[in-house]
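Chemist: Questions regarding the structure given below will be posed in turn.
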2 protein chains.
Amino acid sequence: MDKETLMLTVAVLGGTGKEGKGLAYRWAKAGYKILIGSRTPEKAVSTAAEIIEMMDGSGSVVGMSNPEAAEQADIVVLTVPYSAHRDTLEAIKDVMKGKLFVDVTVPLVPPKVSKVQMPPAGSAAQEAKELLGEGVEIVASFQNVSHEHLLGEASVDCDVLVTGTSKNARHEVLKLVEAAGLIGWDAGPIENSVVVEGLTSVLIYINKQYGSTHSGIRITGADNK
Amino acid sequence: MDKETLMLTVAVLGGTGKEGKGLAYRWAKAGYKILIGSRTPEKAVSTAAEIIEMMDGSGSVVGMSNPEAAEQADIVVLTVPYSAHRDTLEAIKDVMKGKLFVDVTVPLVPPKVSKVQMPPAGSAAQEAKELLGEGVEIVASFQNVSHEHLLGEASVDCDVLVTGTSKNARHEVLKLVEAAGLIGWDAGPIENSVVVEGLTSVLIYINKQYGSTHSGIRITGADNK
């Protein structure tokens, strides 16, 4: 763990949900300072306490409101359901300038969650880019990883594709992927986020069709080292 | 090989290209009757002769124009570059009623082929659906498989995702996937084709970024048997 990583603060908005909590737990274990954000700050405080308990009392994990967490963080990770995507972005956009925003949102449209249905912007991440405006780097990632895997210690049988507005931003998030014990790939510009977000619907379809619970993907024929 | 499969005729339009030739070769070996289609029928005839030579003189492979091949086939597979997609569809649409159409086209927009850039219809396959109209089943598949692999005998380290307008149509194409010696997955409705087509740009990006030549994907955590 280098000093730079130890000093970075990561806000996980919607961090009381299963996916957010799993990511927060893995990053806290890796030494990042974690701020759990929620629309209900008391819930964020109690999730932070649960994560610290899972780590036997160690780690830096604090709960607060979404805008407070975003304001104090270097990297802001959004893990809310798509129905809360726009409202959460509106609530934090004034404090986002100069920060790195990581969108984990999948634009699922119930009840047909196994059918790809992207918003007019092209993807949730591109919608975030429109809403947050200039001066914020946007990365889309972690959409395909099953939350059941993240809260355990086992290795996760799913690679993580990282798309985003700049190579520097993607590389910063690839460090988060590695810190979470996952295998990551720079998957190109933010326009490619439609593939990664949409892949979640494909995997949900495969789960239903083949009776699995957490299908994933691996990249073959390349070496990410 | 059951009798039904032996009786099916598959047209491979653009079958003189590397991808089409590779698929035609694998299906001919599996016992399908193959019609190679091309805008230049002489080229189709010579490609058909090459494939028969690769099979030591066995197999049923005949070359002709694209519309002739489409008319005589049960299943019509399109493997042309995206720049020829619309014109080829216009040339065959009058003979397509009641047939199964398999779109292998990836809507790459040079020079930025590693960036996903879908047409207004949502994907090349959805564009084909609009152009071919009612009464034609549309399936999108085989976009991610490197042609170098298909002309060899080795196993291919890339799974094939099959999306399409009906489960029956997808299952018919899953038989073609298996006949080509590949592992296939029913990946859901035609709207999901954006993921599979777009994944080609992601894999091209990964190839450039990590110095590989034919990256692919595997589905994990599920069993397709």
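Residues are referred to by chain and number: the chain letter is A, B, ... according to the order shown in the structure tokens, the number counts from 1 in that chain, and ligands are numbered separately from 1 in the order shown.
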Which residues come within 10 Å of region 128-141 of chain B, counting only C-alpha atoms, excluding same-chain residues fewer than 5 positions away, as a compact mmCIF listing (two decimals) with all heavy atoms, in the first residue's frame?
Modeler:
```
# COMPACT_ATOMS: atom_id res chain seq x y z
N ILE B 75 -31.52 -20.49 -43.36
CA ILE B 75 -30.92 -19.55 -42.42
C ILE B 75 -29.94 -18.67 -43.21
O ILE B 75 -29.12 -19.19 -43.98
CB ILE B 75 -30.14 -20.29 -41.31
CG1 ILE B 75 -31.08 -21.25 -40.55
CG2 ILE B 75 -29.48 -19.31 -40.35
CD1 ILE B 75 -30.38 -22.13 -39.51
N VAL B 76 -30.06 -17.36 -43.04
CA VAL B 76 -29.23 -16.42 -43.79
C VAL B 76 -28.34 -15.66 -42.80
O VAL B 76 -28.83 -14.98 -41.91
CB VAL B 76 -30.10 -15.43 -44.58
CG1 VAL B 76 -29.22 -14.42 -45.32
CG2 VAL B 76 -31.02 -16.18 -45.54
N VAL B 77 -27.03 -15.83 -42.96
CA VAL B 77 -26.05 -15.22 -42.04
C VAL B 77 -25.33 -14.09 -42.76
O VAL B 77 -24.81 -14.30 -43.86
CB VAL B 77 -25.03 -16.29 -41.57
CG1 VAL B 77 -24.04 -15.68 -40.59
CG2 VAL B 77 -25.74 -17.49 -40.96
N LEU B 78 -25.30 -12.91 -42.13
CA LEU B 78 -24.69 -11.74 -42.77
C LEU B 78 -23.36 -11.41 -42.11
O LEU B 78 -23.32 -11.12 -40.91
CB LEU B 78 -25.63 -10.54 -42.69
CG LEU B 78 -25.19 -9.27 -43.42
CD1 LEU B 78 -25.02 -9.53 -44.91
CD2 LEU B 78 -26.20 -8.14 -43.19
N HIS B 85 -23.82 -3.03 -44.86
CA HIS B 85 -24.94 -3.66 -44.14
C HIS B 85 -26.28 -3.32 -44.78
O HIS B 85 -27.03 -4.20 -45.21
CB HIS B 85 -24.89 -3.17 -42.68
CG HIS B 85 -25.82 -3.87 -41.73
ND1 HIS B 85 -26.85 -3.21 -41.11
CD2 HIS B 85 -25.86 -5.15 -41.30
CE1 HIS B 85 -27.49 -4.06 -40.31
NE2 HIS B 85 -26.91 -5.24 -40.40
N ARG B 86 -26.55 -2.02 -44.91
CA ARG B 86 -27.86 -1.59 -45.41
C ARG B 86 -28.09 -2.05 -46.86
O ARG B 86 -29.16 -2.59 -47.19
CB ARG B 86 -27.97 -0.07 -45.30
CG ARG B 86 -29.27 0.52 -45.84
CD ARG B 86 -29.33 2.01 -45.56
NE ARG B 86 -29.51 2.28 -44.16
CZ ARG B 86 -30.72 2.44 -43.55
NH1 ARG B 86 -31.83 2.36 -44.29
NH2 ARG B 86 -30.80 2.68 -42.28
N LEU B 89 -28.87 -5.73 -47.05
CA LEU B 89 -30.22 -6.01 -46.55
C LEU B 89 -31.27 -5.62 -47.59
O LEU B 89 -32.24 -6.36 -47.83
CB LEU B 89 -30.46 -5.27 -45.23
CG LEU B 89 -29.69 -5.83 -44.03
CD1 LEU B 89 -29.72 -4.84 -42.86
CD2 LEU B 89 -30.26 -7.17 -43.59
N GLU B 90 -31.08 -4.46 -48.22
CA GLU B 90 -32.03 -4.02 -49.26
C GLU B 90 -32.09 -5.03 -50.41
O GLU B 90 -33.14 -5.30 -50.97
CB GLU B 90 -31.62 -2.64 -49.82
CG GLU B 90 -31.69 -1.49 -48.81
CD GLU B 90 -33.11 -1.00 -48.54
OE1 GLU B 90 -34.07 -1.56 -49.09
OE2 GLU B 90 -33.24 -0.04 -47.73
N ILE B 92 -31.69 -8.21 -50.32
CA ILE B 92 -32.24 -9.54 -50.01
C ILE B 92 -33.63 -9.50 -49.39
O ILE B 92 -34.27 -10.53 -49.20
CB ILE B 92 -31.31 -10.35 -49.06
CG1 ILE B 92 -31.18 -9.65 -47.69
CG2 ILE B 92 -29.94 -10.58 -49.71
CD1 ILE B 92 -30.55 -10.53 -46.61
N LYS B 93 -34.11 -8.31 -49.05
CA LYS B 93 -35.31 -8.27 -48.19
C LYS B 93 -36.54 -8.92 -48.83
O LYS B 93 -37.37 -9.48 -48.11
CB LYS B 93 -35.59 -6.87 -47.67
CG LYS B 93 -36.13 -5.88 -48.67
CD LYS B 93 -36.44 -4.58 -47.92
CE LYS B 93 -37.00 -3.56 -48.88
NZ LYS B 93 -37.12 -2.24 -48.26
N ASP B 94 -36.62 -8.89 -50.16
CA ASP B 94 -37.81 -9.46 -50.81
C ASP B 94 -37.88 -10.99 -50.69
O ASP B 94 -38.94 -11.57 -50.89
CB ASP B 94 -37.83 -9.08 -52.30
CG ASP B 94 -38.07 -7.59 -52.47
OD1 ASP B 94 -38.57 -6.96 -51.52
OD2 ASP B 94 -37.73 -7.07 -53.55
N VAL B 95 -36.77 -11.63 -50.41
CA VAL B 95 -36.78 -13.11 -50.34
C VAL B 95 -36.66 -13.63 -48.90
O VAL B 95 -36.50 -14.83 -48.69
CB VAL B 95 -35.63 -13.72 -51.19
CG1 VAL B 95 -35.76 -13.28 -52.64
CG2 VAL B 95 -34.26 -13.34 -50.63
N MET B 96 -36.76 -12.73 -47.91
CA MET B 96 -36.45 -13.14 -46.53
C MET B 96 -37.64 -13.62 -45.71
O MET B 96 -37.46 -14.22 -44.65
CB MET B 96 -35.76 -11.99 -45.79
CG MET B 96 -34.31 -11.76 -46.20
SD MET B 96 -33.27 -13.23 -45.94
CE MET B 96 -33.35 -13.39 -44.16
N LYS B 97 -38.84 -13.37 -46.18
CA LYS B 97 -40.03 -13.73 -45.39
C LYS B 97 -39.99 -15.21 -44.95
O LYS B 97 -39.75 -16.10 -45.76
CB LYS B 97 -41.29 -13.46 -46.22
CG LYS B 97 -42.58 -13.49 -45.45
CD LYS B 97 -42.83 -12.21 -44.66
CE LYS B 97 -43.42 -11.11 -45.55
NZ LYS B 97 -43.54 -9.82 -44.83
N GLY B 98 -40.21 -15.43 -43.65
CA GLY B 98 -40.25 -16.79 -43.12
C GLY B 98 -38.89 -17.40 -42.81
O GLY B 98 -38.80 -18.52 -42.31
N LYS B 99 -37.83 -16.67 -43.12
CA LYS B 99 -36.48 -17.21 -42.86
C LYS B 99 -35.92 -16.68 -41.54
O LYS B 99 -36.44 -15.73 -40.95
CB LYS B 99 -35.54 -16.83 -44.00
CG LYS B 99 -35.92 -17.45 -45.36
CD LYS B 99 -34.90 -17.08 -46.42
CE LYS B 99 -35.43 -17.34 -47.84
NZ LYS B 99 -35.45 -18.76 -48.22
N LEU B 100 -34.83 -17.29 -41.13
CA LEU B 100 -34.11 -16.85 -39.94
C LEU B 100 -32.87 -16.08 -40.40
O LEU B 100 -32.07 -16.59 -41.19
CB LEU B 100 -33.71 -18.09 -39.12
CG LEU B 100 -32.73 -17.92 -37.96
CD1 LEU B 100 -33.20 -16.87 -36.96
CD2 LEU B 100 -32.53 -19.25 -37.25
N PHE B 101 -32.75 -14.85 -39.91
CA PHE B 101 -31.64 -13.99 -40.30
C PHE B 101 -30.67 -13.85 -39.13
O PHE B 101 -31.07 -13.48 -38.02
CB PHE B 101 -32.16 -12.61 -40.71
CG PHE B 101 -31.08 -11.62 -41.05
CD1 PHE B 101 -30.39 -11.71 -42.25
CD2 PHE B 101 -30.73 -10.62 -40.15
CE1 PHE B 101 -29.37 -10.82 -42.56
CE2 PHE B 101 -29.71 -9.72 -40.46
CZ PHE B 101 -29.05 -9.82 -41.66
N VAL B 102 -29.40 -14.11 -39.36
CA VAL B 102 -28.38 -14.01 -38.31
C VAL B 102 -27.40 -12.90 -38.66
O VAL B 102 -26.68 -12.99 -39.66
CB VAL B 102 -27.61 -15.35 -38.15
CG1 VAL B 102 -26.62 -15.24 -36.99
CG2 VAL B 102 -28.57 -16.51 -37.93
N ASP B 103 -27.39 -11.86 -37.85
CA ASP B 103 -26.54 -10.71 -38.13
C ASP B 103 -25.25 -10.80 -37.34
O ASP B 103 -25.27 -10.84 -36.11
CB ASP B 103 -27.29 -9.41 -37.77
CG ASP B 103 -26.83 -8.23 -38.60
OD1 ASP B 103 -25.69 -8.29 -39.11
OD2 ASP B 103 -27.60 -7.28 -38.76
N VAL B 104 -24.12 -10.87 -38.06
CA VAL B 104 -22.80 -10.93 -37.41
C VAL B 104 -22.15 -9.53 -37.45
O VAL B 104 -21.06 -9.32 -36.94
CB VAL B 104 -21.91 -11.99 -38.11
CG1 VAL B 104 -20.56 -12.17 -37.39
CG2 VAL B 104 -22.62 -13.34 -38.18
N THR B 105 -22.85 -8.60 -38.07
CA THR B 105 -22.29 -7.26 -38.31
C THR B 105 -22.02 -6.51 -37.01
O THR B 105 -22.82 -6.54 -36.09
CB THR B 105 -23.28 -6.43 -39.14
OG1 THR B 105 -23.70 -7.19 -40.25
CG2 THR B 105 -22.64 -5.14 -39.61
N VAL B 106 -20.89 -5.82 -36.98
CA VAL B 106 -20.59 -4.90 -35.88
C VAL B 106 -20.56 -3.49 -36.45
O VAL B 106 -19.82 -3.23 -37.40
CB VAL B 106 -19.23 -5.23 -35.23
CG1 VAL B 106 -18.94 -4.25 -34.10
CG2 VAL B 106 -19.22 -6.65 -34.72
N ALA B 121 -31.12 2.96 -34.60
CA ALA B 121 -31.99 1.83 -34.27
C ALA B 121 -31.58 1.15 -32.96
O ALA B 121 -32.35 0.38 -32.39
CB ALA B 121 -31.99 0.82 -35.41
N SER B 123 -28.73 -0.84 -32.57
CA SER B 123 -27.67 -1.79 -32.90
C SER B 123 -27.83 -2.15 -34.38
O SER B 123 -28.87 -1.86 -34.99
CB SER B 123 -27.78 -3.06 -32.05
OG SER B 123 -28.98 -3.76 -32.38
N VAL B 160 -19.89 -17.43 -27.14
CA VAL B 160 -20.73 -16.73 -28.11
C VAL B 160 -22.07 -16.39 -27.46
O VAL B 160 -22.80 -17.27 -27.02
CB VAL B 160 -20.95 -17.61 -29.36
CG1 VAL B 160 -21.91 -16.94 -30.33
CG2 VAL B 160 -19.61 -17.88 -30.05
N LEU B 161 -22.38 -15.10 -27.39
CA LEU B 161 -23.66 -14.64 -26.84
C LEU B 161 -24.66 -14.52 -27.98
O LEU B 161 -24.36 -13.93 -29.02
CB LEU B 161 -23.48 -13.29 -26.14
CG LEU B 161 -22.50 -13.28 -24.95
CD1 LEU B 161 -22.33 -11.86 -24.42
CD2 LEU B 161 -22.97 -14.22 -23.85
N VAL B 162 -25.85 -15.09 -27.78
CA VAL B 162 -26.87 -15.14 -28.84
C VAL B 162 -28.09 -14.35 -28.37
O VAL B 162 -28.76 -14.73 -27.41
CB VAL B 162 -27.26 -16.60 -29.13
CG1 VAL B 162 -28.37 -16.65 -30.17
CG2 VAL B 162 -26.04 -17.39 -29.60
N THR B 163 -28.37 -13.23 -29.02
CA THR B 163 -29.58 -12.45 -28.72
C THR B 163 -30.48 -12.49 -29.94
O THR B 163 -30.00 -12.64 -31.06
CB THR B 163 -29.24 -10.99 -28.37
OG1 THR B 163 -28.75 -10.33 -29.54
CG2 THR B 163 -28.19 -10.90 -27.28
N GLY B 164 -31.80 -12.35 -29.75
CA GLY B 164 -32.67 -12.41 -30.92
C GLY B 164 -34.14 -12.24 -30.61
O GLY B 164 -34.54 -12.16 -29.44
N THR B 165 -34.94 -12.22 -31.67
CA THR B 165 -36.35 -11.84 -31.55
C THR B 165 -37.24 -12.92 -30.93
O THR B 165 -38.36 -12.62 -30.55
CB THR B 165 -36.93 -11.45 -32.93
OG1 THR B 165 -36.55 -12.44 -33.89
CG2 THR B 165 -36.41 -10.09 -33.36
N SER B 166 -36.77 -14.16 -30.86
CA SER B 166 -37.56 -15.19 -30.18
C SER B 166 -36.66 -16.27 -29.63
O SER B 166 -35.52 -16.46 -30.10
CB SER B 166 -38.59 -15.83 -31.12
OG SER B 166 -37.95 -16.74 -32.00
N LYS B 167 -37.16 -16.98 -28.64
CA LYS B 167 -36.36 -18.04 -28.03
C LYS B 167 -36.10 -19.16 -29.06
O LYS B 167 -34.99 -19.71 -29.11
CB LYS B 167 -37.08 -18.59 -26.80
CG LYS B 167 -36.26 -19.58 -26.02
CD LYS B 167 -36.85 -19.90 -24.66
CE LYS B 167 -36.58 -18.79 -23.67
NZ LYS B 167 -36.87 -19.20 -22.28
N ASN B 168 -37.10 -19.48 -29.88
CA ASN B 168 -36.90 -20.50 -30.92
C ASN B 168 -35.76 -20.13 -31.86
O ASN B 168 -34.92 -20.95 -32.21
CB ASN B 168 -38.17 -20.71 -31.73
CG ASN B 168 -39.16 -21.60 -31.00
OD1 ASN B 168 -38.80 -22.26 -30.02
ND2 ASN B 168 -40.41 -21.59 -31.47
N ALA B 169 -35.76 -18.88 -32.29
CA ALA B 169 -34.71 -18.43 -33.21
C ALA B 169 -33.34 -18.50 -32.53
O ALA B 169 -32.36 -18.96 -33.13
CB ALA B 169 -35.01 -17.00 -33.66
N ARG B 170 -33.29 -18.10 -31.26
CA ARG B 170 -32.01 -18.15 -30.56
C ARG B 170 -31.53 -19.59 -30.41
O ARG B 170 -30.33 -19.88 -30.55
CB ARG B 170 -32.13 -17.47 -29.18
CG ARG B 170 -32.45 -15.98 -29.29
CD ARG B 170 -32.26 -15.24 -27.97
NE ARG B 170 -33.16 -15.63 -26.91
CZ ARG B 170 -34.34 -15.05 -26.63
NH1 ARG B 170 -34.79 -14.06 -27.39
NH2 ARG B 170 -35.07 -15.45 -25.61
N HIS B 171 -32.47 -20.50 -30.16
CA HIS B 171 -32.07 -21.90 -29.99
C HIS B 171 -31.58 -22.50 -31.30
O HIS B 171 -30.66 -23.32 -31.31
CB HIS B 171 -33.21 -22.70 -29.37
CG HIS B 171 -33.29 -22.48 -27.88
ND1 HIS B 171 -33.90 -23.34 -27.02
CD2 HIS B 171 -32.77 -21.49 -27.10
CE1 HIS B 171 -33.79 -22.87 -25.78
NE2 HIS B 171 -33.12 -21.76 -25.81
N GLU B 172 -32.18 -22.11 -32.42
CA GLU B 172 -31.70 -22.57 -33.72
C GLU B 172 -30.25 -22.12 -33.93
O GLU B 172 -29.41 -22.88 -34.43
CB GLU B 172 -32.61 -22.01 -34.82
CG GLU B 172 -32.59 -22.76 -36.13
CD GLU B 172 -33.01 -24.23 -35.97
OE1 GLU B 172 -34.15 -24.51 -35.56
OE2 GLU B 172 -32.14 -25.08 -36.25
N VAL B 173 -29.96 -20.88 -33.52
CA VAL B 173 -28.61 -20.35 -33.71
C VAL B 173 -27.64 -20.97 -32.69
O VAL B 173 -26.46 -21.19 -33.02
CB VAL B 173 -28.61 -18.80 -33.65
CG1 VAL B 173 -27.19 -18.24 -33.71
CG2 VAL B 173 -29.43 -18.25 -34.82
N LEU B 174 -28.14 -21.30 -31.50
CA LEU B 174 -27.26 -22.00 -30.55
C LEU B 174 -26.80 -23.34 -31.11
O LEU B 174 -25.69 -23.80 -30.82
CB LEU B 174 -27.97 -22.18 -29.20
CG LEU B 174 -28.03 -20.90 -28.33
CD1 LEU B 174 -29.00 -21.06 -27.17
CD2 LEU B 174 -26.64 -20.52 -27.81
N VAL B 177 -23.91 -22.48 -33.23
CA VAL B 177 -22.74 -22.19 -32.38
C VAL B 177 -22.05 -23.49 -32.01
O VAL B 177 -20.83 -23.64 -32.15
CB VAL B 177 -23.17 -21.43 -31.09
CG1 VAL B 177 -21.98 -21.25 -30.15
CG2 VAL B 177 -23.79 -20.08 -31.43
N GLY B 184 -22.02 -21.54 -26.58
CA GLY B 184 -22.99 -20.46 -26.78
C GLY B 184 -23.89 -20.26 -25.58
O GLY B 184 -24.08 -21.15 -24.76
N TRP B 185 -24.44 -19.06 -25.48
CA TRP B 185 -25.35 -18.69 -24.39
C TRP B 185 -26.55 -17.94 -24.97
O TRP B 185 -26.37 -17.00 -25.75
CB TRP B 185 -24.66 -17.77 -23.37
CG TRP B 185 -23.47 -18.41 -22.71
CD1 TRP B 185 -22.18 -18.38 -23.15
CD2 TRP B 185 -23.48 -19.19 -21.51
NE1 TRP B 185 -21.38 -19.08 -22.29
CE2 TRP B 185 -22.14 -19.58 -21.27
CE3 TRP B 185 -24.47 -19.57 -20.60
CZ2 TRP B 185 -21.77 -20.35 -20.17
CZ3 TRP B 185 -24.10 -20.33 -19.50
CH2 TRP B 185 -22.77 -20.72 -19.29
N ALA B 187 -28.63 -15.14 -24.68
CA ALA B 187 -28.37 -13.88 -23.96
C ALA B 187 -29.56 -12.93 -24.03
O ALA B 187 -29.42 -11.75 -23.73
CB ALA B 187 -27.10 -13.22 -24.51
N PRO B 189 -33.34 -11.01 -25.37
CA PRO B 189 -34.04 -10.38 -26.49
C PRO B 189 -33.11 -9.55 -27.39
O PRO B 189 -31.97 -9.24 -27.01
CB PRO B 189 -35.07 -9.48 -25.79
CG PRO B 189 -34.53 -9.24 -24.42
CD PRO B 189 -33.79 -10.50 -24.07
N ILE B 190 -33.62 -9.21 -28.55
CA ILE B 190 -32.82 -8.50 -29.56
C ILE B 190 -32.28 -7.16 -29.03
O ILE B 190 -31.22 -6.71 -29.46
CB ILE B 190 -33.65 -8.31 -30.85
CG1 ILE B 190 -32.79 -7.88 -32.03
CG2 ILE B 190 -34.82 -7.34 -30.65
CD1 ILE B 190 -31.89 -8.95 -32.56
N GLU B 191 -32.98 -6.56 -28.06
CA GLU B 191 -32.50 -5.30 -27.48
C GLU B 191 -31.13 -5.49 -26.81
O GLU B 191 -30.38 -4.52 -26.65
CB GLU B 191 -33.49 -4.77 -26.44
CG GLU B 191 -34.78 -4.22 -27.02
CD GLU B 191 -35.82 -5.29 -27.34
OE1 GLU B 191 -35.52 -6.51 -27.15
OE2 GLU B 191 -36.92 -4.93 -27.79
N ASN B 192 -30.81 -6.71 -26.41
CA ASN B 192 -29.52 -6.98 -25.76
C ASN B 192 -28.37 -7.06 -26.76
O ASN B 192 -27.20 -7.17 -26.36
CB ASN B 192 -29.60 -8.27 -24.93
CG ASN B 192 -30.54 -8.13 -23.74
OD1 ASN B 192 -31.16 -7.07 -23.56
ND2 ASN B 192 -30.68 -9.18 -22.94
N SER B 193 -28.69 -7.00 -28.06
CA SER B 193 -27.63 -7.09 -29.07
C SER B 193 -26.65 -5.93 -28.97
O SER B 193 -25.49 -6.06 -29.38
CB SER B 193 -28.23 -7.16 -30.48
OG SER B 193 -29.03 -6.03 -30.74
N VAL B 194 -27.08 -4.79 -28.42
CA VAL B 194 -26.15 -3.66 -28.27
C VAL B 194 -24.94 -4.05 -27.42
O VAL B 194 -23.82 -3.60 -27.67
CB VAL B 194 -26.87 -2.42 -27.66
CG1 VAL B 194 -27.49 -2.73 -26.30
CG2 VAL B 194 -25.93 -1.24 -27.54
N VAL B 196 -23.60 -7.12 -27.16
CA VAL B 196 -22.75 -8.07 -27.86
C VAL B 196 -22.00 -7.39 -29.01
O VAL B 196 -20.81 -7.61 -29.21
CB VAL B 196 -23.58 -9.26 -28.36
CG1 VAL B 196 -22.67 -10.39 -28.79
CG2 VAL B 196 -24.54 -9.75 -27.28
N GLU B 197 -22.70 -6.54 -29.74
CA GLU B 197 -22.03 -5.79 -30.80
C GLU B 197 -21.00 -4.82 -30.20
O GLU B 197 -19.86 -4.74 -30.67
CB GLU B 197 -23.05 -5.01 -31.64
CG GLU B 197 -24.00 -5.91 -32.42
CD GLU B 197 -25.02 -5.13 -33.25
OE1 GLU B 197 -24.86 -3.91 -33.41
OE2 GLU B 197 -25.99 -5.76 -33.73
```
Chemist: What parts of region 23-161 of chain A does DSSP call strand (DSSP E)? I'd like the answer as a list in words.
Modeler: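 Going through region 23-161 of chain A, the strand (DSSP E) residues come out as Lys33, Ile34, Leu35, Ile36, Gly37, Ser38, Val61, Val62, Gly63, Met64, Ser65, Ile75, Val76, Val77, Leu78, Leu100, Phe101, Val102, Asp103, Glu137, Ile138, Val139, Ala140, Val160 and Leu161 of chain A.
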Chemist: Could the residues of chain A that have an atom at most 8 Å from chain B be listed as a tab-separated table, each with its closest atom pair and the distance in Å to one decimal, counting only C-alpha atoms and ordered by chain and ascending residue number?
Modeler:
```
residue	atom	partner	partner_atom	distance
A:Ser114	CA	B:Gly188	CA	7.3
A:Lys115	CA	B:Asn192	CA	6.2
A:Val116	CA	B:Asn192	CA	5.3
A:Gln117	CA	B:Glu191	CA	7.5
A:Asp157	CA	B:Thr220	CA	6.6
A:Cys158	CA	B:Thr220	CA	7.0
A:Trp185	CA	B:Ile206	CA	7.4
A:Asp186	CA	B:Ile206	CA	6.9
A:Ala187	CA	B:Val202	CA	5.5
A:Gly188	CA	B:Tyr205	CA	6.1
A:Pro189	CA	B:Lys115	CA	6.5
A:Glu191	CA	B:Val116	CA	5.8
A:Asn192	CA	B:Val116	CA	5.3
A:Val194	CA	B:Val195	CA	7.1
A:Val195	CA	B:Val195	CA	4.6
A:Val196	CA	B:Val195	CA	7.6
A:Gly198	CA	B:Val195	CA	5.8
A:Leu199	CA	B:Val195	CA	6.1
A:Ser201	CA	B:Asn192	CA	7.8
A:Val202	CA	B:Ala187	CA	5.5
A:Leu203	CA	B:Ala187	CA	7.7
A:Tyr205	CA	B:Gly188	CA	6.1
A:Ile206	CA	B:Ala187	CA	6.1
A:Asn207	CA	B:Ala222	CA	7.2
A:Gln209	CA	B:Asp186	CA	7.5
A:Tyr210	CA	B:Asn224	CA	6.2
A:Gly211	CA	B:Ala222	CA	7.6
A:Ser212	CA	B:Ala222	CA	5.3
A:Thr213	CA	B:Gly221	CA	7.8
A:His214	CA	B:Gly221	CA	6.0
A:Ser215	CA	B:Gly221	CA	4.3
A:Gly216	CA	B:Thr220	CA	4.9
A:Ile217	CA	B:Ile219	CA	4.6
A:Arg218	CA	B:Arg218	CA	5.1
A:Ile219	CA	B:Ile217	CA	4.6
A:Thr220	CA	B:Gly216	CA	4.9
A:Gly221	CA	B:Ser215	CA	4.3
A:Ala222	CA	B:Ser212	CA	5.3
A:Asp223	CA	B:Tyr210	CA	6.5
A:Asn224	CA	B:Tyr210	CA	6.2
```
Chemist: Could you tell me, as a PyMOL selection string, which residues of region 37-184 of chain B DSSP assigns to helix (DSSP H, G or I) when given the backbone?
Modeler: chain B and resi 41-54+66-72+82-95+124-132+147-150+167-179
Chemist: Mind checking which residues fall within 12 Å of Glu148 (chain B), counting only C-alpha atoms, ignoring those fewer than 3 positions away in the same chain, and posting them as a tab-separated table (two decimals) with N, CA and C atoms, in the first residue's frame?
Modeler:
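What landed in selection19.tsv:
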```
chain	number	residue	atom	x	y	z
B	17	GLY	N	-15.32	-13.01	-47.08
B	17	GLY	CA	-14.49	-12.37	-46.05
B	17	GLY	C	-13.99	-13.40	-45.05
B	18	LYS	N	-13.06	-12.97	-44.20
B	18	LYS	CA	-12.42	-13.93	-43.30
B	18	LYS	C	-13.39	-14.54	-42.30
B	19	GLU	N	-14.23	-13.70	-41.68
B	19	GLU	CA	-15.16	-14.19	-40.66
B	19	GLU	C	-16.18	-15.15	-41.30
B	20	GLY	N	-16.75	-14.73	-42.43
B	20	GLY	CA	-17.75	-15.56	-43.11
B	20	GLY	C	-17.17	-16.88	-43.58
B	21	LYS	N	-15.98	-16.81	-44.13
B	21	LYS	CA	-15.33	-18.03	-44.61
B	21	LYS	C	-15.06	-19.00	-43.46
B	22	GLY	N	-14.61	-18.45	-42.34
B	22	GLY	CA	-14.34	-19.30	-41.17
B	22	GLY	C	-15.60	-19.98	-40.67
B	23	LEU	N	-16.70	-19.24	-40.57
B	23	LEU	CA	-17.96	-19.83	-40.11
B	23	LEU	C	-18.45	-20.87	-41.11
B	144	ASN	N	-17.99	-11.50	-31.63
B	144	ASN	CA	-16.79	-11.36	-30.80
B	144	ASN	C	-15.71	-12.40	-31.09
B	145	VAL	N	-16.00	-13.30	-32.03
B	145	VAL	CA	-15.07	-14.40	-32.29
B	145	VAL	C	-14.07	-13.99	-33.37
B	151	LEU	N	-10.73	-20.57	-38.79
B	151	LEU	CA	-10.19	-21.36	-39.90
B	151	LEU	C	-9.22	-22.44	-39.42
B	152	GLY	N	-8.84	-22.37	-38.15
B	152	GLY	CA	-8.02	-23.45	-37.60
B	152	GLY	C	-8.88	-24.54	-36.99
B	153	GLU	N	-8.21	-25.52	-36.39
B	153	GLU	CA	-8.96	-26.63	-35.78
B	153	GLU	C	-9.01	-26.46	-34.27
B	154	ALA	N	-8.22	-25.52	-33.75
B	154	ALA	CA	-8.11	-25.39	-32.29
B	154	ALA	C	-9.42	-24.93	-31.68
B	155	SER	N	-9.58	-25.20	-30.38
B	155	SER	CA	-10.76	-24.71	-29.70
B	155	SER	C	-10.64	-23.20	-29.54
B	156	VAL	N	-11.77	-22.53	-29.53
B	156	VAL	CA	-11.80	-21.07	-29.52
B	156	VAL	C	-12.06	-20.61	-28.09
B	157	ASP	N	-11.19	-19.73	-27.59
B	157	ASP	CA	-11.28	-19.29	-26.20
B	157	ASP	C	-12.20	-18.07	-26.07
B	213	THR	N	-3.91	-9.83	-29.35
B	213	THR	CA	-4.42	-9.79	-30.73
B	213	THR	C	-5.85	-10.31	-30.84
B	214	HIS	N	-6.24	-11.20	-29.96
B	214	HIS	CA	-7.63	-11.64	-30.03
B	214	HIS	C	-8.18	-11.97	-28.65
B	215	SER	N	-8.43	-10.91	-27.88
B	215	SER	CA	-9.10	-11.09	-26.60
B	215	SER	C	-10.53	-11.52	-26.85
```
Chemist: Using only C-alpha atoms, find the one residue out of B:Met55, B:Ala11, B:Val45, B:Ala30 that sits nearest to Pro67 (chain B).
Modeler: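 For Pro67 (chain B), the nearest of the given residues is B:Ala11.
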